[in-house]
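**Q** Next up, start_8.cif (mmCIF, C-alpha atoms).
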data_start
#
loop_
_atom_site.group_PDB
_atom_site.id
_atom_site.type_symbol
_atom_site.label_atom_id
_atom_site.label_comp_id
_atom_site.auth_asym_id
_atom_site.auth_seq_id
_atom_site.Cartn_x
_atom_site.Cartn_y
_atom_site.Cartn_z
ATOM 1 C CA MET V 248 4.643 -2.623 -9.735
ATOM 2 C CA GLU V 249 6.148 -5.702 -8.117
ATOM 3 C CA VAL V 250 4.610 -7.962 -5.501
ATOM 4 C CA GLY V 251 6.312 -7.324 -2.147
ATOM 5 C CA SER V 252 6.830 -3.583 -2.660
ATOM 6 C CA LEU V 253 6.033 -1.271 0.261
ATOM 7 C CA VAL V 254 3.845 1.520 -1.106
ATOM 8 C CA LYS V 255 2.106 4.629 0.154
ATOM 9 C CA GLU V 256 -1.003 6.403 -1.052
ATOM 10 C CA HIS V 257 -1.795 10.055 -0.375
ATOM 11 C CA LEU V 258 -5.359 10.231 0.954
ATOM 12 C CA PHE V 259 -5.848 13.938 1.686
ATOM 13 C CA THR V 260 -4.338 17.030 3.262
ATOM 14 C CA ASN V 261 -6.047 18.197 6.467
ATOM 15 C CA LYS V 262 -6.834 21.783 7.465
ATOM 16 C CA LYS V 263 -3.489 22.062 9.275
ATOM 17 C CA GLY V 264 -1.675 21.263 6.025
ATOM 18 C CA GLU V 265 -0.620 17.787 7.199
ATOM 19 C CA MET V 266 -0.590 15.105 4.522
ATOM 20 C CA ILE V 267 -2.558 12.004 5.470
ATOM 21 C CA GLU V 268 -1.189 8.874 3.824
ATOM 22 C CA ARG V 269 -1.550 5.144 4.208
ATOM 23 C CA TYR V 270 1.053 2.439 3.756
ATOM 24 C CA GLY V 271 0.723 -1.103 2.503
ATOM 25 C CA VAL V 272 2.370 -4.030 0.755
ATOM 26 C CA VAL V 273 1.524 -5.149 -2.789
ATOM 27 C CA ILE V 274 0.382 -8.765 -2.572
ATOM 28 C CA ARG V 275 -0.961 -9.475 -6.050
ATOM 29 C CA ASP V 276 -1.175 -8.067 -9.560
ATOM 30 C CA SER V 277 -4.824 -7.707 -10.577
ATOM 31 C CA LYS V 278 -5.541 -9.948 -13.545
ATOM 32 C CA GLN V 279 -9.115 -8.673 -13.981
ATOM 33 C CA PHE V 280 -8.431 -4.929 -13.775
ATOM 34 C CA ASP V 281 -5.534 -3.518 -15.784
ATOM 35 C CA GLY V 282 -3.627 -0.784 -13.942
ATOM 36 C CA TYR V 283 -4.546 -2.028 -10.453
ATOM 37 C CA VAL V 284 -2.758 -4.102 -7.820
ATOM 38 C CA GLU V 285 -4.039 -5.756 -4.667
ATOM 39 C CA VAL V 286 -2.610 -4.168 -1.512
ATOM 40 C CA VAL V 287 -2.836 -5.126 2.151
ATOM 41 C CA TRP V 288 -2.999 -1.842 4.085
ATOM 42 C CA GLN V 289 -1.807 -1.351 7.646
ATOM 43 C CA PRO V 290 -4.727 -0.747 10.008
ATOM 44 C CA ARG V 291 -3.057 2.031 12.047
ATOM 45 C CA PRO V 292 0.329 3.783 11.838
ATOM 46 C CA GLU V 293 1.114 2.958 15.475
ATOM 47 C CA HIS V 294 0.340 -0.754 14.961
ATOM 48 C CA PRO V 295 1.252 -1.735 11.385
ATOM 49 C CA VAL V 296 0.679 -5.496 11.737
ATOM 50 C CA SER V 297 -2.745 -6.723 12.769
ATOM 51 C CA ALA V 298 -5.575 -9.086 11.909
ATOM 52 C CA GLU V 299 -7.580 -5.921 11.150
ATOM 53 C CA ALA V 300 -5.594 -5.147 7.993
ATOM 54 C CA GLN V 301 -7.643 -4.301 4.890
ATOM 55 C CA ILE V 302 -7.029 -5.804 1.471
ATOM 56 C CA ASN V 303 -8.314 -3.992 -1.606
ATOM 57 C CA LEU V 304 -7.439 -2.935 -5.141
ATOM 58 C CA ALA V 305 -5.433 0.237 -5.625
ATOM 59 C CA LEU V 306 -4.803 2.222 -8.791
ATOM 60 C CA ILE V 307 -1.084 1.936 -9.598
ATOM 61 C CA GLU V 308 -0.748 5.580 -10.689
ATOM 62 C CA LYS V 309 -1.860 6.759 -7.208
ATOM 63 C CA LEU V 310 0.789 4.694 -5.408
ATOM 64 C CA GLU V 311 4.360 5.655 -4.614
ATOM 65 C CA VAL V 312 6.904 2.895 -4.011
ATOM 66 C CA VAL V 313 8.624 3.477 -0.660
ATOM 67 C CA VAL V 314 10.707 0.280 -0.644
ATOM 68 C CA PRO V 315 10.916 -1.885 -3.779
ATOM 69 C CA ALA V 316 10.419 -5.642 -3.605
ATOM 70 C CA THR V 317 13.529 -7.619 -2.677
ATOM 71 C CA LYS V 318 15.049 -9.792 -5.377
ATOM 72 C CA GLY V 319 16.482 -13.271 -4.821
ATOM 73 C CA ASN V 320 16.613 -15.520 -1.803
ATOM 74 C CA ALA V 321 17.496 -14.398 1.697
ATOM 75 C CA THR V 322 20.685 -15.855 3.124
ATOM 76 C CA ARG V 323 20.326 -18.119 6.103
#
What do you get writing this file as structure tokens?
**A**
Amino acid sequence: MEVGSLVKEHLFTNKKGEMIERYGVVIRDSKQFDGYVEVVWQPRPEHPVSAEAQINLALIEKLEVVVPATKGNATR
């Protein structure tokens, strides 16, 4: 999984059958723990960018890539 990828993780399905998921961006490959990446998670769906964002390790097999990391330089 590449640094910069937008990922989502299924957390649970509530009693109404709605899937509860969280979204984040991969910021680092874990060197200490094979099969994990470091992800910065959005604090709330309605406010995805905040100083309250959480950073933690996530198991790669539980993540789904929503938008892959962009390759190359951006044009100016």
**Q** Run through the PyMOL selection byres ((chain V and resi 254-267) around 6) on the given coordinates and return the selected residues as a PDB file with C-alpha atoms, in the coordinates of the input.
**A**
ATOM      1  CA  LEU V 253       6.033  -1.271   0.261  1.00  0.00           C
ATOM      2  CA  GLU V 268      -1.189   8.874   3.824  1.00  0.00           C
ATOM      3  CA  ARG V 269      -1.550   5.144   4.208  1.00  0.00           C
ATOM      4  CA  TYR V 270       1.053   2.439   3.756  1.00  0.00           C
ATOM      5  CA  GLY V 271       0.723  -1.103   2.503  1.00  0.00           C
ATOM      6  CA  LEU V 310       0.789   4.694  -5.408  1.00  0.00           C
ATOM      7  CA  GLU V 311       4.360   5.655  -4.614  1.00  0.00           C
ATOM      8  CA  VAL V 312       6.904   2.895  -4.011  1.00  0.00           C
ATOM      9  CA  VAL V 313       8.624   3.477  -0.660  1.00  0.00           C
TER      10      VAL V 313
END
**Q** Which of these residues is nearest to V:Ser277, using all atoms listed in the file: V:Pro290, V:Ala300, V:Leu306, V:Gly251?
**A**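 Checking each candidate against V:Ser277, we get V:Leu306 as the closest.
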**Q** For the atom pair atom CA of V:Gln301 and atom CA of V:Trp288, what is the interatomic distance in Å to one decimal place?
**A** 5.3 Å
**Q** For the file shown, what are the residues hit by the PyMOL selection byres ((chain V and resi 316) around 7), laid out as a VMD selection string?
**A** chain V and resid 249 to 252 314 to 315 317 to 318
**Q** Which residues, named as in the file, does the PyMOL selection byres ((chain V and resi 282) around 10) pick out? Answer as a PyMOL selection string.
**A** chain V and resi 248+276-281+283-284+304-308
**Q** Please put the answer as AutoDock Vina command-line options: centre and edge lengths, in Å with one decimal, of a box along x, y and z that encloses all listed atoms of stretch 250-254 of chain V plus 8 Å on each side.
**A**
--center_x 5.3 --center_y -3.2 --center_z -2.6 --size_x 19.0 --size_y 25.5 --size_z 21.8
**Q** Dump stretch 256-269 of chain V with all heavy atoms to a file, as an mmCIF file, in the first residue's frame.
**A**
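Contents of the output file out_18.cif:
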data_model
loop_
_atom_site.group_PDB
_atom_site.id
_atom_site.type_symbol
_atom_site.label_atom_id
_atom_site.label_comp_id
_atom_site.auth_asym_id
_atom_site.auth_seq_id
_atom_site.Cartn_x
_atom_site.Cartn_y
_atom_site.Cartn_z
ATOM 1 N N GLU V 256 -11.796 1.976 6.119
ATOM 2 C CA GLU V 256 -11.823 0.778 6.953
ATOM 3 C C GLU V 256 -13.241 0.585 7.459
ATOM 4 O O GLU V 256 -13.837 1.510 8.022
ATOM 5 C CB GLU V 256 -10.860 0.927 8.130
ATOM 6 C CG GLU V 256 -10.844 -0.263 9.046
ATOM 7 C CD GLU V 256 -9.894 -0.083 10.215
ATOM 8 O OE1 GLU V 256 -9.658 1.053 10.644
ATOM 9 O OE2 GLU V 256 -9.387 -1.098 10.708
ATOM 10 N N HIS V 257 -13.798 -0.591 7.236
ATOM 11 C CA HIS V 257 -15.125 -0.918 7.758
ATOM 12 C C HIS V 257 -14.990 -1.151 9.259
ATOM 13 O O HIS V 257 -14.188 -1.972 9.694
ATOM 14 C CB HIS V 257 -15.680 -2.165 7.068
ATOM 15 C CG HIS V 257 -16.962 -2.639 7.655
ATOM 16 N ND1 HIS V 257 -18.153 -1.994 7.411
ATOM 17 C CD2 HIS V 257 -17.239 -3.663 8.485
ATOM 18 C CE1 HIS V 257 -19.116 -2.623 8.080
ATOM 19 N NE2 HIS V 257 -18.578 -3.644 8.726
ATOM 20 N N LEU V 258 -15.767 -0.417 10.052
ATOM 21 C CA LEU V 258 -15.711 -0.571 11.504
ATOM 22 C C LEU V 258 -16.773 -1.538 12.014
ATOM 23 O O LEU V 258 -16.475 -2.465 12.750
ATOM 24 C CB LEU V 258 -15.858 0.794 12.188
ATOM 25 C CG LEU V 258 -14.766 1.807 11.854
ATOM 26 C CD1 LEU V 258 -15.064 3.154 12.499
ATOM 27 C CD2 LEU V 258 -13.404 1.289 12.281
ATOM 28 N N PHE V 259 -18.031 -1.306 11.612
ATOM 29 C CA PHE V 259 -19.116 -2.202 12.021
ATOM 30 C C PHE V 259 -20.366 -1.861 11.231
ATOM 31 O O PHE V 259 -20.421 -0.850 10.530
ATOM 32 C CB PHE V 259 -19.394 -2.105 13.529
ATOM 33 C CG PHE V 259 -19.823 -0.732 13.996
ATOM 34 C CD1 PHE V 259 -21.155 -0.372 14.063
ATOM 35 C CD2 PHE V 259 -18.870 0.205 14.386
ATOM 36 C CE1 PHE V 259 -21.539 0.880 14.485
ATOM 37 C CE2 PHE V 259 -19.235 1.459 14.824
ATOM 38 C CZ PHE V 259 -20.585 1.800 14.867
ATOM 39 N N THR V 260 -21.365 -2.710 11.347
ATOM 40 C CA THR V 260 -22.673 -2.460 10.756
ATOM 41 C C THR V 260 -23.655 -2.267 11.902
ATOM 42 O O THR V 260 -23.733 -3.108 12.800
ATOM 43 C CB THR V 260 -23.110 -3.640 9.856
ATOM 44 O OG1 THR V 260 -22.099 -3.836 8.858
ATOM 45 C CG2 THR V 260 -24.436 -3.361 9.187
ATOM 46 N N ASN V 261 -24.390 -1.140 11.897
ATOM 47 C CA ASN V 261 -25.301 -0.863 13.015
ATOM 48 C C ASN V 261 -26.597 -1.652 12.884
ATOM 49 O O ASN V 261 -26.792 -2.398 11.921
ATOM 50 C CB ASN V 261 -25.550 0.638 13.171
ATOM 51 C CG ASN V 261 -26.322 1.251 12.013
ATOM 52 O OD1 ASN V 261 -26.957 0.556 11.216
ATOM 53 N ND2 ASN V 261 -26.258 2.570 11.900
ATOM 54 N N LYS V 262 -27.481 -1.493 13.844
ATOM 55 C CA LYS V 262 -28.731 -2.263 13.878
ATOM 56 C C LYS V 262 -29.650 -1.944 12.710
ATOM 57 O O LYS V 262 -30.507 -2.747 12.365
ATOM 58 C CB LYS V 262 -29.453 -2.010 15.198
ATOM 59 C CG LYS V 262 -28.732 -2.587 16.382
ATOM 60 C CD LYS V 262 -29.468 -2.332 17.669
ATOM 61 C CE LYS V 262 -28.692 -2.895 18.833
ATOM 62 N NZ LYS V 262 -29.375 -2.682 20.111
ATOM 63 N N LYS V 263 -29.477 -0.770 12.098
ATOM 64 C CA LYS V 263 -30.284 -0.398 10.935
ATOM 65 C C LYS V 263 -29.717 -0.978 9.640
ATOM 66 O O LYS V 263 -30.275 -0.793 8.578
ATOM 67 C CB LYS V 263 -30.345 1.119 10.802
ATOM 68 C CG LYS V 263 -31.047 1.808 11.931
ATOM 69 C CD LYS V 263 -31.017 3.315 11.722
ATOM 70 C CE LYS V 263 -31.654 4.040 12.873
ATOM 71 N NZ LYS V 263 -31.579 5.508 12.690
ATOM 72 N N GLY V 264 -28.583 -1.652 9.735
ATOM 73 C CA GLY V 264 -27.940 -2.225 8.555
ATOM 74 C C GLY V 264 -27.003 -1.262 7.847
ATOM 75 O O GLY V 264 -26.503 -1.569 6.764
ATOM 76 N N GLU V 265 -26.759 -0.088 8.440
ATOM 77 C CA GLU V 265 -25.860 0.895 7.842
ATOM 78 C C GLU V 265 -24.413 0.542 8.177
ATOM 79 O O GLU V 265 -24.101 0.220 9.323
ATOM 80 C CB GLU V 265 -26.172 2.296 8.375
ATOM 81 C CG GLU V 265 -27.579 2.754 8.086
ATOM 82 C CD GLU V 265 -27.968 3.980 8.882
ATOM 83 O OE1 GLU V 265 -27.481 4.172 10.013
ATOM 84 O OE2 GLU V 265 -28.786 4.750 8.356
ATOM 85 N N MET V 266 -23.564 0.595 7.154
ATOM 86 C CA MET V 266 -22.146 0.302 7.374
ATOM 87 C C MET V 266 -21.444 1.557 7.892
ATOM 88 O O MET V 266 -21.572 2.627 7.299
ATOM 89 C CB MET V 266 -21.496 -0.185 6.080
ATOM 90 C CG MET V 266 -22.013 -1.543 5.664
ATOM 91 S SD MET V 266 -21.351 -2.194 4.113
ATOM 92 C CE MET V 266 -19.700 -1.696 4.086
ATOM 93 N N ILE V 267 -20.731 1.402 8.992
ATOM 94 C CA ILE V 267 -19.977 2.503 9.573
ATOM 95 C C ILE V 267 -18.516 2.306 9.193
ATOM 96 O O ILE V 267 -17.922 1.272 9.492
ATOM 97 C CB ILE V 267 -20.136 2.539 11.113
ATOM 98 C CG1 ILE V 267 -21.620 2.527 11.506
ATOM 99 C CG2 ILE V 267 -19.389 3.727 11.700
ATOM 100 C CD1 ILE V 267 -22.458 3.649 10.929
ATOM 101 N N GLU V 268 -17.976 3.306 8.494
ATOM 102 C CA GLU V 268 -16.601 3.224 8.001
ATOM 103 C C GLU V 268 -15.860 4.494 8.363
ATOM 104 O O GLU V 268 -16.472 5.516 8.654
ATOM 105 C CB GLU V 268 -16.601 3.039 6.482
ATOM 106 C CG GLU V 268 -17.280 1.758 6.065
ATOM 107 C CD GLU V 268 -17.569 1.689 4.587
ATOM 108 O OE1 GLU V 268 -17.826 2.750 3.975
ATOM 109 O OE2 GLU V 268 -17.548 0.575 4.049
ATOM 110 N N ARG V 269 -14.539 4.418 8.333
ATOM 111 C CA ARG V 269 -13.739 5.614 8.533
ATOM 112 C C ARG V 269 -12.751 5.721 7.380
ATOM 113 O O ARG V 269 -12.386 4.725 6.755
ATOM 114 C CB ARG V 269 -13.026 5.613 9.879
ATOM 115 C CG ARG V 269 -11.987 4.536 10.055
ATOM 116 C CD ARG V 269 -11.357 4.671 11.422
ATOM 117 N NE ARG V 269 -10.367 3.609 11.645
ATOM 118 C CZ ARG V 269 -9.534 3.596 12.650
ATOM 119 N NH1 ARG V 269 -9.570 4.556 13.558
ATOM 120 N NH2 ARG V 269 -8.674 2.613 12.785
#
